[in-house]
$ cat upload-v1.cif   # mmCIF, C-alpha atoms
data_coords
loop_
_atom_site.label_atom_id
_atom_site.label_comp_id
_atom_site.auth_asym_id
_atom_site.auth_seq_id
_atom_site.Cartn_x
_atom_site.Cartn_y
_atom_site.Cartn_z
CA MET A 1 -9.83 0.52 7.91
CA PRO A 2 -8.67 -2.72 6.23
CA LYS A 3 -10.58 -4.93 8.69
CA ALA A 4 -13.97 -3.46 7.82
CA GLY A 5 -16.57 -6.02 6.82
CA LYS A 6 -14.78 -8.96 8.46
CA ARG A 7 -15.91 -11.16 11.34
CA GLY A 8 -13.75 -11.38 14.45
CA ILE A 9 -13.40 -14.30 16.87
CA THR A 10 -11.05 -15.18 19.72
CA LEU A 11 -9.19 -18.46 20.19
CA ASN A 12 -6.32 -19.44 22.49
CA LEU A 13 -3.94 -21.63 20.50
CA ASP A 14 -1.63 -22.06 23.48
CA LEU A 15 -4.13 -24.57 24.85
CA GLU A 16 -4.76 -27.97 23.27
CA GLU A 17 -8.53 -27.48 23.44
CA GLY A 18 -8.08 -24.27 21.49
CA ARG A 19 -6.02 -26.06 18.87
CA ASP A 20 -8.71 -28.73 18.59
CA LEU A 21 -11.30 -26.04 17.89
CA PHE A 22 -9.00 -24.55 15.27
CA ARG A 23 -8.71 -27.90 13.50
CA LYS A 24 -12.51 -28.14 13.39
CA LEU A 25 -12.66 -24.68 11.81
CA VAL A 26 -10.00 -25.66 9.26
CA ALA A 27 -12.12 -28.59 8.16
CA LYS A 28 -14.71 -26.03 7.02
CA ALA A 29 -12.21 -23.62 5.43
CA ASP A 30 -10.64 -23.21 2.00
CA VAL A 31 -7.75 -20.99 3.13
CA VAL A 32 -5.68 -20.49 6.27
CA ILE A 33 -3.54 -17.35 6.52
CA GLU A 34 -1.11 -17.07 9.43
CA SER A 35 1.71 -14.71 10.39
CA PHE A 36 3.30 -16.44 13.40
CA PRO A 37 7.11 -16.65 13.59
CA PRO A 38 8.51 -19.64 11.65
CA GLY A 39 8.16 -22.89 13.58
CA ILE A 40 5.38 -21.83 15.97
CA MET A 41 2.57 -23.44 14.00
CA ALA A 42 4.68 -26.59 13.63
CA GLN A 43 5.14 -26.72 17.41
CA TRP A 44 1.39 -26.61 17.78
CA HIS A 45 0.99 -29.29 15.06
CA LEU A 46 -0.97 -26.75 13.01
CA ASP A 47 1.47 -26.32 10.11
CA TYR A 48 0.62 -26.99 6.47
CA GLU A 49 1.57 -30.65 6.66
CA ASP A 50 -0.65 -31.14 9.73
CA LEU A 51 -3.69 -29.28 8.47
CA SER A 52 -3.54 -30.63 4.92
CA ARG A 53 -4.23 -34.07 6.39
CA ILE A 54 -7.49 -32.66 7.73
CA LYS A 55 -8.31 -30.76 4.53
CA PRO A 56 -6.26 -32.08 1.55
CA GLY A 57 -7.25 -29.15 -0.71
CA LEU A 58 -6.31 -26.51 1.86
CA ILE A 59 -4.49 -23.34 0.79
CA TYR A 60 -2.09 -22.43 3.61
CA THR A 61 -0.54 -18.96 3.39
CA SER A 62 2.34 -18.18 5.74
CA ILE A 63 3.55 -14.56 6.11
CA THR A 64 6.91 -14.30 7.87
CA PRO A 65 9.69 -11.69 8.08
CA TYR A 66 12.17 -13.42 5.73
CA GLY A 67 10.33 -16.54 4.60
CA ARG A 68 10.22 -20.05 5.99
CA THR A 69 13.75 -20.97 4.83
CA GLY A 70 17.15 -19.29 4.58
CA PRO A 71 19.73 -18.01 7.09
CA TYR A 72 17.49 -15.11 8.24
CA ARG A 73 14.50 -17.42 8.78
CA ASP A 74 14.28 -16.86 12.55
CA TYR A 75 15.12 -13.15 12.60
CA LYS A 76 12.39 -10.84 13.88
CA ILE A 77 11.24 -7.81 11.92
CA THR A 78 9.46 -4.49 12.28
CA ASP A 79 8.05 -2.27 9.57
CA LEU A 80 11.15 -0.08 9.78
CA THR A 81 13.64 -2.96 9.55
CA ALA A 82 11.64 -4.52 6.73
CA LEU A 83 11.91 -1.29 4.75
CA ALA A 84 15.64 -1.23 5.47
CA MET A 85 16.27 -4.86 4.48
CA GLY A 86 14.03 -4.53 1.41
CA GLY A 87 16.00 -1.57 0.04
CA LEU A 88 13.23 1.04 0.22
CA LEU A 89 14.51 2.90 3.28
CA TYR A 90 17.79 3.76 1.53
CA LEU A 91 15.80 5.69 -1.08
CA THR A 92 13.64 7.65 1.34
CA GLY A 93 14.66 11.16 2.41
CA ASP A 94 17.05 13.81 1.19
CA ALA A 95 20.44 13.03 -0.28
CA ASP A 96 22.37 15.01 2.33
CA ARG A 97 20.67 13.35 5.32
CA PRO A 98 20.33 9.79 6.68
CA PRO A 99 17.42 7.64 5.43
CA VAL A 100 14.00 8.29 6.97
CA ARG A 101 10.99 6.03 7.41
CA ILE A 102 7.88 6.39 5.28
CA SER A 103 5.12 8.20 7.16
CA SER A 104 2.86 5.17 7.58
CA PRO A 105 3.58 1.42 7.79
CA GLN A 106 4.09 -0.09 4.36
CA ALA A 107 5.96 -3.39 4.76
CA TYR A 108 3.07 -5.39 6.20
CA LEU A 109 0.70 -3.77 3.72
CA HIS A 110 2.76 -4.93 0.75
CA ALA A 111 3.27 -8.37 2.29
CA GLY A 112 -0.50 -8.66 2.69
CA ALA A 113 -1.05 -7.68 -0.94
CA GLU A 114 1.48 -10.26 -2.14
CA ALA A 115 -0.11 -12.85 0.15
CA CYS A 116 -3.48 -12.07 -1.41
CA LEU A 117 -2.10 -12.61 -4.93
CA GLY A 118 -0.33 -15.82 -3.96
CA THR A 119 -3.41 -17.13 -2.17
CA LEU A 120 -5.74 -16.37 -5.07
CA THR A 121 -3.31 -18.01 -7.51
CA ALA A 122 -3.22 -21.14 -5.36
CA LEU A 123 -7.00 -21.04 -4.95
CA TYR A 124 -7.44 -20.93 -8.72
CA HIS A 125 -5.13 -23.94 -9.01
CA GLN A 126 -7.22 -25.67 -6.36
CA THR A 127 -10.45 -25.11 -8.30
CA GLU A 128 -8.81 -26.63 -11.40
CA THR A 129 -7.06 -29.59 -9.76
CA GLY A 130 -8.39 -29.96 -6.21
CA GLU A 131 -4.82 -29.68 -4.89
CA GLY A 132 -3.92 -27.60 -1.88
CA GLN A 133 -0.67 -25.59 -1.71
CA LEU A 134 1.63 -23.87 0.75
CA VAL A 135 2.10 -20.15 -0.04
CA ASP A 136 5.29 -18.82 1.57
CA VAL A 137 5.37 -15.00 1.73
CA SER A 138 8.46 -13.05 2.83
CA ILE A 139 7.90 -9.50 4.06
CA GLN A 140 11.42 -8.57 2.96
CA GLU A 141 10.86 -9.86 -0.56
CA SER A 142 7.51 -8.05 -0.75
CA ILE A 143 9.34 -4.73 -0.34
CA LEU A 144 11.76 -5.38 -3.20
CA GLY A 145 9.08 -4.69 -5.79
CA THR A 146 8.57 -1.15 -4.43
CA THR A 147 12.11 -0.05 -5.30
CA PHE A 148 11.18 0.40 -8.98
CA ASN A 149 14.39 0.67 -11.03
CA VAL A 150 16.94 0.31 -8.21
CA ILE A 151 17.96 -3.28 -8.95
CA PRO A 152 17.96 -2.88 -12.77
CA MET A 153 20.08 0.27 -12.49
CA TRP A 154 22.66 -1.62 -10.45
CA VAL A 155 22.82 -4.82 -12.50
CA THR A 156 22.83 -3.01 -15.88
CA GLU A 157 24.61 0.28 -15.16
CA GLY A 158 26.51 -0.36 -11.92
CA THR A 159 24.74 2.72 -10.48
CA ILE A 160 23.29 2.90 -6.98
CA VAL A 161 20.21 5.10 -7.13
CA PRO A 162 20.58 7.71 -4.35
CA ARG A 163 18.02 9.32 -2.08
CA MET A 164 16.39 12.17 -3.96
CA GLY A 165 13.73 13.48 -1.58
CA ALA A 166 11.00 15.06 -3.68
CA SER A 167 13.09 14.87 -6.85
CA ARG A 168 13.60 12.40 -9.67
CA MET A 169 16.76 11.35 -11.47
CA VAL A 170 17.04 12.73 -15.01
CA SER A 171 20.52 11.38 -15.65
CA THR A 172 23.05 9.40 -13.67
CA SER A 173 23.98 12.50 -11.64
CA LEU A 174 21.20 15.13 -11.90
CA GLU A 175 17.85 15.49 -10.16
CA ILE A 176 14.82 17.68 -10.70
CA SER A 177 12.00 18.34 -8.26
CA MET A 178 8.64 16.55 -8.47
CA THR A 179 7.02 18.33 -5.49
CA TRP A 180 6.70 22.11 -5.39
CA PRO A 181 5.50 24.46 -2.62
CA CYS A 182 2.50 26.68 -3.26
CA LYS A 183 0.48 29.12 -1.14
CA ASP A 184 -1.23 26.50 1.04
CA GLY A 185 0.80 23.34 0.62
CA TYR A 186 2.37 21.46 -2.27
CA VAL A 187 1.64 20.29 -5.78
CA SER A 188 3.12 17.44 -7.76
CA PHE A 189 4.57 18.47 -11.12
CA SER A 190 7.38 17.08 -13.25
CA VAL A 191 9.44 18.72 -15.97
CA PHE A 192 8.95 16.11 -18.69
CA GLY A 193 9.61 15.85 -22.38
CA GLY A 194 8.10 13.75 -25.15
CA GLN A 195 4.64 14.10 -26.63
CA SER A 196 2.58 14.46 -23.45
CA GLY A 197 5.27 16.03 -21.26
CA GLY A 198 6.25 18.49 -23.97
CA ARG A 199 2.66 19.64 -24.38
CA SER A 200 2.33 20.05 -20.60
CA MET A 201 5.49 22.19 -20.43
CA LYS A 202 4.40 24.31 -23.39
CA ASN A 203 1.01 24.97 -21.81
CA LEU A 204 2.63 25.88 -18.49
CA GLY A 205 4.87 28.35 -20.28
CA GLN A 206 1.85 29.98 -21.92
CA TRP A 207 0.05 30.22 -18.56
CA MET A 208 3.09 31.84 -16.97
CA GLU A 209 3.21 34.41 -19.79
CA GLU A 210 -0.50 35.20 -19.37
CA THR A 211 0.14 36.14 -15.73
CA GLY A 212 3.21 38.24 -16.51
CA MET A 213 5.58 35.64 -15.07
CA GLY A 214 6.81 34.19 -18.34
CA ASP A 215 10.30 32.76 -18.74
CA ASP A 216 12.19 32.26 -22.01
CA MET A 217 13.57 28.83 -21.19
CA VAL A 218 10.23 27.44 -19.97
CA SER A 219 8.24 28.95 -22.84
CA HIS A 220 10.61 28.58 -25.79
CA THR A 221 12.38 25.26 -25.24
CA ASP A 222 11.19 22.48 -27.53
CA TRP A 223 10.37 20.11 -24.67
CA GLY A 224 8.77 17.59 -26.99
CA SER A 225 12.15 16.66 -28.49
CA PHE A 226 14.38 17.75 -25.63
CA ASP A 227 17.16 15.34 -24.60
CA PHE A 228 16.93 15.25 -20.82
CA TYR A 229 20.21 13.40 -20.57
CA GLY A 230 21.78 16.57 -21.94
CA LEU A 231 20.62 18.64 -18.96
CA THR A 232 23.18 20.41 -16.79
CA THR A 233 22.87 21.70 -13.21
CA GLU A 234 22.72 25.26 -14.56
CA MET A 235 19.88 24.40 -16.93
CA ILE A 236 17.91 22.69 -14.15
CA GLU A 237 18.23 25.79 -11.97
CA LYS A 238 17.18 28.06 -14.85
CA VAL A 239 13.98 26.12 -15.47
CA SER A 240 13.16 25.30 -11.83
CA GLN A 241 13.43 28.77 -10.33
CA PRO A 242 10.77 30.53 -12.47
CA ILE A 243 8.41 27.56 -12.13
CA ALA A 244 8.84 27.61 -8.33
CA ARG A 245 8.12 31.36 -8.23
CA PHE A 246 5.00 30.87 -10.34
CA PHE A 247 3.58 28.05 -8.22
CA ALA A 248 4.20 30.04 -5.01
CA GLN A 249 1.64 32.65 -6.15
CA PHE A 250 -1.34 30.24 -6.13
CA THR A 251 -3.13 27.79 -3.85
CA SER A 252 -3.07 24.09 -4.71
CA ALA A 253 -6.75 24.26 -5.74
CA GLU A 254 -6.07 27.20 -8.08
CA LEU A 255 -3.12 25.41 -9.63
CA PHE A 256 -5.09 22.18 -10.05
CA GLU A 257 -8.06 23.91 -11.65
CA GLY A 258 -5.83 25.93 -13.96
CA ALA A 259 -3.77 22.89 -14.89
CA MET A 260 -6.80 20.76 -15.75
CA SER A 261 -8.28 23.48 -17.97
CA ARG A 262 -4.96 23.96 -19.80
CA GLY A 263 -3.77 20.36 -20.19
CA ILE A 264 -0.91 20.55 -17.68
CA ILE A 265 0.15 17.43 -15.75
CA LEU A 266 -0.14 18.78 -12.19
CA PHE A 267 -1.93 17.56 -9.07
CA PRO A 268 -2.32 18.78 -5.49
CA VAL A 269 -0.57 16.91 -2.67
CA VAL A 270 -3.65 16.35 -0.52
CA ASN A 271 -4.24 15.46 3.14
CA ALA A 272 -6.95 13.37 4.83
CA ASP A 273 -9.37 16.30 5.14
CA TYR A 274 -9.21 16.91 1.39
CA ILE A 275 -9.64 13.23 0.56
CA VAL A 276 -12.71 12.72 2.77
CA ASN A 277 -14.30 15.84 1.30
CA ASP A 278 -13.13 15.31 -2.28
CA PRO A 279 -16.13 16.11 -4.52
CA HIS A 280 -15.00 13.53 -7.07
CA LEU A 281 -15.05 10.64 -4.57
CA ALA A 282 -18.33 11.91 -3.14
CA ALA A 283 -19.95 12.05 -6.57
CA LYS A 284 -18.86 8.47 -7.28
CA GLY A 285 -20.32 7.20 -3.99
CA PHE A 286 -16.94 5.93 -2.79
CA TRP A 287 -17.65 6.58 0.89
CA GLN A 288 -20.17 4.56 2.87
CA GLU A 289 -21.66 5.79 6.14
CA LEU A 290 -21.46 3.17 8.90
CA GLU A 291 -21.99 3.07 12.64
CA TYR A 292 -18.82 2.91 14.70
CA PRO A 293 -18.46 1.94 18.38
CA GLY A 294 -18.18 5.00 20.62
CA LYS A 295 -19.42 7.40 17.94
CA GLU A 296 -22.92 8.87 17.97
CA ASP A 297 -22.84 9.80 14.30
CA LYS A 298 -22.00 7.44 11.48
CA ILE A 299 -18.55 7.81 9.95
CA ALA A 300 -17.31 7.49 6.39
CA PHE A 301 -15.75 4.15 5.48
CA PRO A 302 -13.93 3.71 2.15
CA ARG A 303 -15.42 1.08 -0.12
CA PRO A 304 -13.12 -1.34 -2.00
CA PRO A 305 -11.17 0.69 -4.62
CA TYR A 306 -12.91 -0.89 -7.60
CA ASN A 307 -16.45 -1.25 -8.83
CA ILE A 308 -18.12 -4.05 -10.72
CA ASN A 309 -20.66 -3.29 -13.44
CA GLY A 310 -20.63 0.34 -12.39
CA GLU A 311 -21.21 -0.25 -8.68
CA TYR A 312 -18.94 -0.37 -5.66
CA LEU A 313 -19.22 -3.33 -3.32
CA SER A 314 -20.84 -2.40 -0.03
CA VAL A 315 -18.98 -2.67 3.27
CA LYS A 316 -21.15 -4.81 5.53
CA SER A 317 -19.80 -3.46 8.79
CA GLY A 318 -16.88 -1.68 10.41
CA ALA A 319 -13.90 -3.47 11.92
CA PRO A 320 -15.08 -6.17 14.36
CA ARG A 321 -14.57 -5.83 18.09
CA LYS A 322 -12.58 -8.53 19.85
CA GLY A 323 -14.61 -11.73 19.84
CA GLU A 324 -17.69 -9.96 18.47
CA HIS A 325 -18.68 -12.87 16.24
CA ASN A 326 -17.75 -15.82 18.45
CA VAL A 327 -21.34 -17.03 18.80
CA GLU A 328 -22.10 -16.49 15.12
CA VAL A 329 -18.97 -18.14 13.66
CA TYR A 330 -18.55 -21.05 16.08
CA GLY A 331 -22.26 -21.77 15.93
CA GLU A 332 -22.43 -21.57 12.15
CA LEU A 333 -19.31 -23.58 11.35
CA ILE A 334 -18.98 -26.21 14.08
CA GLY A 335 -22.34 -26.07 15.87
CA LEU A 336 -21.28 -24.80 19.30
CA THR A 337 -24.09 -23.43 21.45
CA PRO A 338 -23.86 -20.12 23.36
CA GLN A 339 -23.71 -22.13 26.58
CA GLU A 340 -20.77 -24.19 25.32
CA LEU A 341 -18.99 -21.02 24.29
CA GLU A 342 -19.52 -19.51 27.74
CA ALA A 343 -17.93 -22.61 29.26
CA LEU A 344 -14.97 -22.36 26.86
CA LYS A 345 -14.62 -18.65 27.68
CA ALA A 346 -14.54 -19.39 31.40
CA ARG A 347 -11.58 -21.75 30.82
CA GLY A 348 -9.71 -19.18 28.71
CA ILE A 349 -10.03 -21.11 25.45
CA VAL A 350 -12.00 -18.47 23.50
#
$ encode --input "upload-v1.cif" --output "structure tokens"
Amino acid sequence: MPKAGKRGITLNLDLEEGRDLFRKLVAKADVVIESFPPGIMAQWHLDYEDLSRIKPGLIYTSITPYGRTGPYRDYKITDLTALAMGGLLYLTGDADRPPVRISSPQAYLHAGAEACLGTLTALYHQTETGEGQLVDVSIQESILGTTFNVIPMWVTEGTIVPRMGASRMVSTSLEISMTWPCKDGYVSFSVFGGQSGGRSMKNLGQWMEETGMGDDMVSHTDWGSFDFYGLTTEMIEKVSQPIARFFAQFTSAELFEGAMSRGIILFPVVNADYIVNDPHLAAKGFWQELEYPGKEDKIAFPRPPYNINGEYLSVKSGAPRKGEHNVEVYGELIGLTPQELEALKARGIV
């Protein structure tokens, strides 16, 4: 629901009259964000150089597959190919199978987040200096930051991090699971060392013993000072198998409740039903009931994931319907009357 609270208008930029209307809107704007293929806005004479003559302090953010320059400049992209070219797809899936896509689109999401940061940075510069700037966002480059330690591992160790499915790398050749099946789904749990991880493992060992499912290696290893780079495949199997058997005896809710009361770093892998009905989010007032077209009852919309002075910002409305705010926006910004808009609509301009 990322479009909630926004206003939606229609405008045909293929027509010169539509482009003229756009220029009038730009004169009233601080920021323009566009995601057309490279060169399209220039063909329409609506690129940064064109619009900055209308509004010298304009922030112009361009989101394109590979950026506005470079040999891949004119290549097209999809979410799947962006994940592949950004390096994330190689990491996704099990080691003994080909790469798989992430369950929901991520490339455009990350590009939008980077565009937001770049735009706000340029806008801050504008408030200090009055200068406008061109913000050039590459979807491919936006994905690179999601690969965590992949690039550092290659440039420092010469190691290509492999696909590990639901596991994590504990040395250059060994993996250990981070997602474990339970009675009704999965939980996220990692075998960690150090101060916090060691305490978590110790407490898990005690819990397993209380239920008659104790294991010597889990309970009696000094995980706080354990050298994970000294692990072997045999040791991983010895510690994983009893933990897996223990988790399989409980539901995710039982494991979560038990873990929280015992200081164990474990969380349920939840679905949409759990999230919408999560008592924690409900108690915080995270969800806001709004009317939605085609629905008799109001539905829950997520508020922005932050609050200010203890309060979440309210969502003004759901996602706008196509052209829903034409009269409001065109009238407010450039003074068009409803009758003028009807005439423009009849000619296919809005």
$ residues_near_point --input "upload-v1.cif" --point "(-16.8, -23.5, 6.7)" --cutoff "6 Å" --atoms "all atoms listed in the file" --output "PyMOL selection string"
chain A and resi 28-29+333
$ resolve_selection --input "upload-v1.cif" --expression "the PyMOL selection byres ((chain A and resi 85-91) around 8)" --output "count of residues only"
22
$ atom_distance --input "upload-v1.cif" --atom1 "atom CA of A:Ser177" --atom2 "atom CA of A:His110"
26.6 Å
$ atom_distance --input "upload-v1.cif" --atom1 "atom CA of A:Tyr60" --atom2 "atom CA of A:Ile33"
6.0 Å
$ residues_around --input "upload-v1.cif" --residues "A:Asp184" --least-positions-apart "4" --cutoff "9 Å" --atoms "all atoms listed in the file" --output "ChimeraX atom specification"
/A:248,250-252
$ resolve_selection --input "upload-v1.cif" --expression "the PyMOL selection byres ((chain A and resi 226-240) around 8)" --output "ChimeraX atom specification"
/A:170-171,174,176-177,193-194,217-218,221-225,241-244
$ residues_near_point --input "upload-v1.cif" --point "(-17.4, -19.7, 18.5)" --cutoff "8 Å" --atoms "only C-alpha atoms" --output "PyMOL selection string"
chain A and resi 9-10+325-331+336+341+350
$ closest_residue --input "upload-v1.cif" --among "A:Glu157, A:Glu311, A:Glu131, A:Glu16" --to "A:Phe286" --atoms "all atoms listed in the file"
A:Glu311
$ atom_distance --input "upload-v1.cif" --atom1 "atom CA of A:Pro293" --atom2 "atom CA of A:Arg321"
8.7 Å
$ resolve_selection --input "upload-v1.cif" --expression "the PyMOL selection byres ((chain A and resi 302-308) around 12)" --output "list in words"
Met1, Pro2, Lys3, Ala4, Gly5, Ile275, Val276, Leu281, Ala282, Lys284, Gly285, Phe286, Trp287, Gln288, Glu289, Leu290, Ile299, Ala300, Phe301, Asn309, Gly310, Glu311, Tyr312, Leu313, Ser314, Val315, Lys316, Ser317 and Gly318 of chain A
$ closest_residue --input "upload-v1.cif" --among "A:Arg199, A:Ser35, A:Arg73, A:Gly57" --to "A:Thr129" --atoms "only C-alpha atoms"
A:Gly57
$ closest_residue --input "upload-v1.cif" --among "A:Cys182, A:Leu11, A:Asp136, A:Phe247" --to "A:Asp47" --atoms "all atoms listed in the file"
A:Asp136
$ residues_around --input "upload-v1.cif" --residues "A:Val137" --least-positions-apart "5" --cutoff "6 Å" --atoms "only C-alpha atoms" --output "list in words"
Ser62, Ile63 and Gly67 of chain A
$ residues_around --input "upload-v1.cif" --residues "A:Arg262" --least-positions-apart "6" --cutoff "12 Å" --atoms "only C-alpha atoms" --output "NGL selection string"
:A and (199-208 or 255-256)
$ decode --input "upload-v1.cif" --residues "stretch 128-150 of chain A" --atoms "N, CA, C and O atoms" --output "compact mmCIF listing (two decimals), in the first residue's frame"
# COMPACT_ATOMS: atom_id res chain seq x y z
N GLU A 128 19.73 25.15 1.55
CA GLU A 128 20.92 25.87 2.01
C GLU A 128 21.47 26.82 0.95
O GLU A 128 22.01 27.88 1.27
N THR A 129 21.34 26.45 -0.32
CA THR A 129 22.00 27.21 -1.38
C THR A 129 21.06 27.74 -2.45
O THR A 129 21.43 28.63 -3.22
N GLY A 130 19.85 27.19 -2.52
CA GLY A 130 18.92 27.56 -3.59
C GLY A 130 19.18 26.84 -4.90
O GLY A 130 18.46 27.05 -5.88
N GLU A 131 20.19 25.98 -4.95
CA GLU A 131 20.56 25.29 -6.18
C GLU A 131 19.76 24.02 -6.37
O GLU A 131 19.57 23.24 -5.44
N GLY A 132 19.32 23.80 -7.60
CA GLY A 132 18.69 22.55 -7.97
C GLY A 132 19.75 21.53 -8.36
O GLY A 132 20.90 21.88 -8.62
N GLN A 133 19.38 20.23 -8.40
CA GLN A 133 20.32 19.18 -8.77
C GLN A 133 19.61 18.05 -9.51
O GLN A 133 18.40 17.84 -9.34
N LEU A 134 20.38 17.34 -10.31
CA LEU A 134 19.91 16.13 -10.97
C LEU A 134 20.34 14.92 -10.14
O LEU A 134 21.53 14.71 -9.91
N VAL A 135 19.39 14.11 -9.71
CA VAL A 135 19.66 12.90 -8.94
C VAL A 135 19.46 11.71 -9.87
O VAL A 135 18.35 11.44 -10.33
N ASP A 136 20.53 10.99 -10.15
CA ASP A 136 20.53 9.88 -11.11
C ASP A 136 20.58 8.56 -10.34
O ASP A 136 21.60 8.22 -9.73
N VAL A 137 19.48 7.81 -10.35
CA VAL A 137 19.37 6.58 -9.56
C VAL A 137 19.35 5.37 -10.50
O VAL A 137 18.52 5.30 -11.40
N SER A 138 20.24 4.43 -10.27
CA SER A 138 20.31 3.18 -11.02
C SER A 138 19.67 2.06 -10.20
O SER A 138 20.05 1.84 -9.05
N ILE A 139 18.72 1.36 -10.80
CA ILE A 139 18.09 0.24 -10.10
C ILE A 139 19.12 -0.85 -9.81
O ILE A 139 19.14 -1.43 -8.72
N GLN A 140 19.99 -1.12 -10.77
CA GLN A 140 21.03 -2.12 -10.56
C GLN A 140 21.90 -1.77 -9.35
O GLN A 140 22.16 -2.60 -8.48
N GLU A 141 22.36 -0.54 -9.30
CA GLU A 141 23.24 -0.13 -8.20
C GLU A 141 22.51 -0.15 -6.86
O GLU A 141 23.14 -0.39 -5.81
N SER A 142 21.19 0.08 -6.89
CA SER A 142 20.42 0.06 -5.65
C SER A 142 20.40 -1.33 -5.02
O SER A 142 20.28 -1.47 -3.80
N ILE A 143 20.52 -2.37 -5.86
CA ILE A 143 20.50 -3.74 -5.36
C ILE A 143 21.83 -4.12 -4.72
O ILE A 143 21.88 -4.96 -3.82
N LEU A 144 22.92 -3.51 -5.15
CA LEU A 144 24.23 -3.90 -4.65
C LEU A 144 24.33 -3.84 -3.13
O LEU A 144 24.98 -4.67 -2.50
N GLY A 145 23.67 -2.84 -2.55
CA GLY A 145 23.74 -2.68 -1.10
C GLY A 145 23.05 -3.79 -0.34
O GLY A 145 23.25 -3.93 0.87
N THR A 146 22.20 -4.59 -1.00
CA THR A 146 21.48 -5.66 -0.31
C THR A 146 22.30 -6.93 -0.19
O THR A 146 21.87 -7.88 0.47
N THR A 147 23.46 -6.98 -0.84
CA THR A 147 24.24 -8.21 -0.87
C THR A 147 25.17 -8.35 0.33
O THR A 147 25.97 -9.29 0.40
N PHE A 148 25.09 -7.41 1.25
CA PHE A 148 25.77 -7.48 2.55
C PHE A 148 27.28 -7.63 2.39
O PHE A 148 27.96 -6.71 1.98
N ASN A 149 27.83 -8.81 2.65
CA ASN A 149 29.29 -8.96 2.67
C ASN A 149 29.84 -9.61 1.41
O ASN A 149 31.00 -10.02 1.37
N VAL A 150 29.02 -9.72 0.36
CA VAL A 150 29.44 -10.44 -0.84
C VAL A 150 30.65 -9.78 -1.51
O VAL A 150 31.63 -10.45 -1.83
